[in-house]
Amino acid sequence: MKKIISTLLIGILLISGLFILTGCNNKKEPEAPEVEMKKLEYVDEKSGNKVTFEYLPEENYEITDEDEDGKFLRMDVENESLNLAISMYLVENDYDYEKESQKESDNFKEYTAGNYKGFMYTESNGLTIQNKVLLVPETEEDYALSMYMYIEKLDYNKETDLVETFNSDAFQKFLSSIKYEKIVN
């Protein structure tokens with residue numbers, strides 16, 4: 001009986017020691033404060049389409065120009081810290097055909113942005129990026145609807161590798177936050 005009690009006490013001491021050594025206790029890690037994200041909204045009231053991106057406040061995407069002359073709104077956006085100038089607008093076309101026709105282009109890459117498929121490639125010896133995110137797949141009645149982005153350096157005097165910047169965590173978080181909705185016009 002004494003051996004059983006001794007064995008139990010040694011077991012309890014070993015388990016207690018294990019908890020002490022591994023730091024298992026009831027202390028909770030302090031939670032990081034929740035950061036309120038900023039939004040960049042592309043709203044084309046003429047066509048009834050809205051695309052939203054979210055980003056951290058310090059990333060500072062700024063709308064610099066909008067043009068409503070074409071079928072869809074064209075919006076120019078700048079990000080000084082990433083040294084990017086982005087022209088974006090919606091396009092209706094055969095997304096799959098376009099993707100296949102660009103597969104041999106420089107730096108071609110397929111990716112997923114949030115819940116959407118996309119592809120990008122470079123032109124002009126890497127001085128520009130052509131990027132498309134498929135928002136609404138093609139149907140028998142309609143072409144696909146994609147967000148097209150033409151990306152170039154904001155300041156050509158600064159050293160910036162566009163492909164590296166496109167693939168950076170900061171830009172990929174921005175791109176992956178994309179959300180599309182049809183609005184009533």
# chains A, B, ... in the order shown; residues from 1 in each chain; ligands from 1

call {"tool": "select_by_dssp", "arguments": {"residues": "stretch 17-106 of chain A", "states": "helix (DSSP H, G or I)", "output": "list of chain:residue names"}}
result
A:Gly17, A:Leu18, A:Phe19, A:Ile20, A:Leu21, A:Thr22, A:Pro57, A:Glu58, A:Glu59, A:Tyr95, A:Asp96, A:Tyr97, A:Glu98, A:Lys99, A:Glu100, A:Ser101

call {"tool": "write_last_selection", "arguments": {"atoms": "N, CA, C and O atoms", "output": "CSV table (one decimal), in the first residue's frame"}}
result
chain,number,residue,atom,x,y,z
A,17,GLY,N,5.7,19.2,-11.8
A,17,GLY,CA,7.0,19.7,-12.3
A,17,GLY,C,7.0,20.0,-13.8
A,17,GLY,O,7.5,21.0,-14.3
A,18,LEU,N,6.3,19.1,-14.6
A,18,LEU,CA,6.2,19.2,-16.0
A,18,LEU,C,5.4,20.5,-16.3
A,18,LEU,O,5.8,21.2,-17.2
A,19,PHE,N,4.3,20.7,-15.6
A,19,PHE,CA,3.5,22.0,-15.9
A,19,PHE,C,4.4,23.2,-15.6
A,19,PHE,O,4.3,24.2,-16.3
A,20,ILE,N,5.1,23.1,-14.5
A,20,ILE,CA,5.9,24.3,-14.1
A,20,ILE,C,7.0,24.5,-15.1
A,20,ILE,O,7.3,25.7,-15.6
A,21,LEU,N,7.7,23.5,-15.6
A,21,LEU,CA,8.8,23.6,-16.6
A,21,LEU,C,8.3,24.1,-17.9
A,21,LEU,O,9.0,24.8,-18.6
A,22,THR,N,7.1,23.6,-18.4
A,22,THR,CA,6.6,24.0,-19.7
A,22,THR,C,5.9,25.3,-19.7
A,22,THR,O,5.4,25.8,-20.7
A,57,PRO,N,-3.8,51.6,-42.1
A,57,PRO,CA,-3.7,53.0,-42.2
A,57,PRO,C,-2.4,53.5,-42.7
A,57,PRO,O,-2.3,54.5,-43.5
A,58,GLU,N,-1.3,52.9,-42.3
A,58,GLU,CA,0.0,53.4,-42.6
A,58,GLU,C,0.4,53.1,-44.1
A,58,GLU,O,1.4,53.6,-44.6
A,59,GLU,N,-0.4,52.2,-44.8
A,59,GLU,CA,-0.1,51.9,-46.1
A,59,GLU,C,-0.5,52.9,-47.1
A,59,GLU,O,0.0,53.0,-48.2
A,95,TYR,N,-11.9,36.1,-70.1
A,95,TYR,CA,-10.8,36.0,-69.1
A,95,TYR,C,-9.9,34.8,-69.4
A,95,TYR,O,-8.7,35.0,-69.4
A,96,ASP,N,-10.5,33.7,-69.6
A,96,ASP,CA,-9.7,32.5,-69.9
A,96,ASP,C,-8.8,32.6,-71.1
A,96,ASP,O,-7.7,32.2,-71.1
A,97,TYR,N,-9.4,33.1,-72.2
A,97,TYR,CA,-8.7,33.3,-73.4
A,97,TYR,C,-7.5,34.3,-73.2
A,97,TYR,O,-6.4,34.1,-73.6
A,98,GLU,N,-7.8,35.4,-72.5
A,98,GLU,CA,-6.8,36.4,-72.2
A,98,GLU,C,-5.6,35.8,-71.4
A,98,GLU,O,-4.4,36.0,-71.7
A,99,LYS,N,-6.0,35.0,-70.4
A,99,LYS,CA,-5.0,34.4,-69.5
A,99,LYS,C,-4.1,33.4,-70.4
A,99,LYS,O,-2.9,33.5,-70.3
A,100,GLU,N,-4.7,32.6,-71.2
A,100,GLU,CA,-4.0,31.6,-72.0
A,100,GLU,C,-3.1,32.4,-73.0
A,100,GLU,O,-1.9,31.9,-73.3
A,101,SER,N,-3.5,33.5,-73.6
A,101,SER,CA,-2.7,34.2,-74.6
A,101,SER,C,-1.5,34.9,-73.9
A,101,SER,O,-0.6,35.3,-74.6

call {"tool": "residues_around", "arguments": {"residues": "stretch 77-83 of chain A", "least_positions_apart": "3", "cutoff": "12 Å", "atoms": "only C-alpha atoms", "output": "PyMOL selection string"}}
result
chain A and resi 40-42+53+55+57-66+74+86-89+149-172+174

call {"tool": "atom_distance", "arguments": {"atom1": "atom CA of A:Phe119", "atom2": "atom CA of A:Thr139"}}
result
19.7 Å

call {"tool": "atom_distance", "arguments": {"atom1": "atom CA of A:Tyr116", "atom2": "atom CA of A:Val43"}}
result
18.4 Å

call {"tool": "residues_around", "arguments": {"residues": "A:Met120", "least_positions_apart": "3", "cutoff": "10 Å", "atoms": "only C-alpha atoms", "output": "list in words"}}
result
Lys99, Gln102, Lys103, Ser105, Asp106, Asn107, Phe108, Lys109, Glu110, Tyr111, Ile129, Gln130, Asn131, Lys132, Val133, Tyr148, Met149, Tyr150, Val163 and Phe166 of chain A

call {"tool": "atom_distance", "arguments": {"atom1": "atom CA of A:Leu145", "atom2": "atom CA of A:Leu90"}}
result
6.7 Å

call {"tool": "closest_residue", "arguments": {"among": "A:Asp94, A:Glu31, A:Glu104, A:Glu123", "to": "A:Tyr143", "atoms": "only C-alpha atoms"}}
result
A:Asp94
